[in-house]
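Notes to accompany the following structure.
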Amino acid sequence: MFSLKRLQALLGWLLVLGSLPAEGLRSGRIAFVGPQGGRTEPDATRKKPSLIPPTARETLFNLRDRLQRIPQKLPAPDARQISASALADVNFMIRGWTAGSKVPLEYATSLRLSLRLLDLARKSEQEGPAFSALQAAADDLNIKAEHCRKSGVGLGGMVTVVIHTRKGDREQRNLQVLYIPKMMEVVKDVQPDQFPKFSSPTSHVLPPGRYLMWTREPESNMLGARTIVKIGDGSKTAEWDLPVP
């Protein structure tokens, strides 16, 4: 004999099966009823978000798409000219990609920052900030394309940046070197990255671009003046001096 609990369980399963479409029964896939009556997929078939970041080449195609749409948002002649120039740079970098070649993750991430700025430009309700975001992204893309042209290594060439921290003619040691991509200064609350070792000198491998760099005295937290540092003229290394606090 069935107990009351077993009968209730059986009736519950019959209700679930009765609510399934015929194709679901034929395929053998069963959708489970969630706490609020909605269907959920079994754990084995539930889709998980991809953890693989988009490749640099995919990002370049996305950049091309955004730049082709920018004139609809910013029809002013200056904006059209900047978009057209950046589009030419992106197309050059697409042609500079060699099938099967691997672009460093840091380089691909830097390209994604330009894509983020173009999305900000397209979504901004104010023309001024939209134009600033477009100009910042285009400037960075131009430097990357220039490095691609002059370096001879194609897309993805990185640069070893050597920083000296000086006070007058004297080199001062044990300072942190902080930096952000200059294009990100139009975004609020951007947190700086740090060179892996204290100065001086200290070095770090970075994608071509324009950066804001400055020093910090770790004990007092005093900051040196921000300096615009451009890297990406085709050379494998770049050397700069930064003022101390």
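Every chain in the structure tokens takes a letter, A first, then B, and so on in the order presented; its residues are numbered from 1, and the ligands are numbered from 1 following the presented order.
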Item checked: Per-residue DSSP, segment 24-240 of chain A, filtered to helix (DSSP H, G or I), as a PyMOL selection string -> chain A and resi 24-27+56-73+77-96+105-123+127-151+182-186
Note to self: Need to verify the contact set: Glu125 of chain A, 10 Å, only C-alpha atoms, exclusion of same-chain residues closer than 5 positions in sequence. Can you return it as a PyMOL selection string?
What the structure shows: chain A and resi 73+120+130
Using the selection just defined, write its residues with N, CA, C and O atoms as an mmCIF file, in the first residue's frame.
data_model
loop_
_atom_site.group_PDB
_atom_site.id
_atom_site.type_symbol
_atom_site.label_atom_id
_atom_site.label_comp_id
_atom_site.auth_asym_id
_atom_site.auth_seq_id
_atom_site.Cartn_x
_atom_site.Cartn_y
_atom_site.Cartn_z
ATOM 1 N N LYS A 73 26.686 58.782 -33.879
ATOM 2 C CA LYS A 73 26.593 59.403 -32.564
ATOM 3 C C LYS A 73 27.209 60.794 -32.556
ATOM 4 O O LYS A 73 26.676 61.731 -31.954
ATOM 5 N N LEU A 120 31.667 53.806 -24.245
ATOM 6 C CA LEU A 120 31.283 54.972 -23.443
ATOM 7 C C LEU A 120 30.917 56.150 -24.339
ATOM 8 O O LEU A 120 29.962 56.885 -24.068
ATOM 9 N N ALA A 130 31.730 62.311 -24.683
ATOM 10 C CA ALA A 130 31.773 61.324 -25.759
ATOM 11 C C ALA A 130 32.959 61.586 -26.678
ATOM 12 O O ALA A 130 33.689 60.658 -27.070
#
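Distance check against Ala138 of chain A using only C-alpha atoms: of A:Gly168, A:Gly209, A:Gly157, A:Gly96, the minimum falls on A:Gly209.
Closest to Ala136 of chain A among A:Pro77, A:Pro181, A:Gly154, A:Gly100 is A:Pro181, based on only C-alpha atoms.
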Item checked: Val205 of chain A environment, 12 Å, only C-alpha atoms, sequence neighbours closer than 4 positions dropped, as JSON, numbers by chain -> {"A": [104, 105, 106, 107, 157, 158, 159, 160, 161, 162, 163, 194, 195, 196, 209, 231, 232, 236, 237, 238, 239]}
Within 8 Å of segment 101-103 of chain A, counting only C-alpha atoms, which residues qualify if same-chain residues fewer than 4 places away don't, as a PDB file with N, CA and C atoms, in the first residue's frame?
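Saved the output as result.pdb:
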ATOM      1  N   THR A  55      39.789  37.125 -27.902  1.00  0.00           N
ATOM      2  CA  THR A  55      41.142  37.294 -28.421  1.00  0.00           C
ATOM      3  C   THR A  55      41.337  38.717 -28.917  1.00  0.00           C
ATOM      4  N   ALA A  56      42.599  39.079 -29.099  1.00  0.00           N
ATOM      5  CA  ALA A  56      42.913  40.415 -29.601  1.00  0.00           C
ATOM      6  C   ALA A  56      42.310  40.629 -30.981  1.00  0.00           C
ATOM      7  N   TRP A  97      47.949  40.953 -38.081  1.00  0.00           N
ATOM      8  CA  TRP A  97      47.838  39.729 -37.280  1.00  0.00           C
ATOM      9  C   TRP A  97      48.178  38.529 -38.135  1.00  0.00           C
ATOM     10  N   TYR A 107      48.382  42.857 -23.799  1.00  0.00           N
ATOM     11  CA  TYR A 107      48.116  43.608 -25.024  1.00  0.00           C
ATOM     12  C   TYR A 107      46.631  43.528 -25.375  1.00  0.00           C
ATOM     13  N   ALA A 108      46.082  42.316 -25.304  1.00  0.00           N
ATOM     14  CA  ALA A 108      44.658  42.141 -25.596  1.00  0.00           C
ATOM     15  C   ALA A 108      43.792  42.929 -24.618  1.00  0.00           C
ATOM     16  N   LEU A 155      51.366  42.421 -34.985  1.00  0.00           N
ATOM     17  CA  LEU A 155      50.481  42.751 -33.871  1.00  0.00           C
ATOM     18  C   LEU A 155      50.948  42.100 -32.573  1.00  0.00           C
ATOM     19  N   GLY A 156      50.905  42.852 -31.494  1.00  0.00           N
ATOM     20  CA  GLY A 156      51.180  42.280 -30.176  1.00  0.00           C
ATOM     21  C   GLY A 156      52.553  42.549 -29.618  1.00  0.00           C
TER      22      GLY A 156
END
Check: atom CA of Ile180 of chain A to atom CA of Asp241 of chain A: how many Å, to one decimal?
Finding: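 Atom CA of Asp241 of chain A lies 16.5 Å from atom CA of Ile180 of chain A.
Nearest residue to Lys144 of chain A among A:Val190, A:Val177, A:Leu60, A:Ile82 is A:Leu60, counting only C-alpha atoms.
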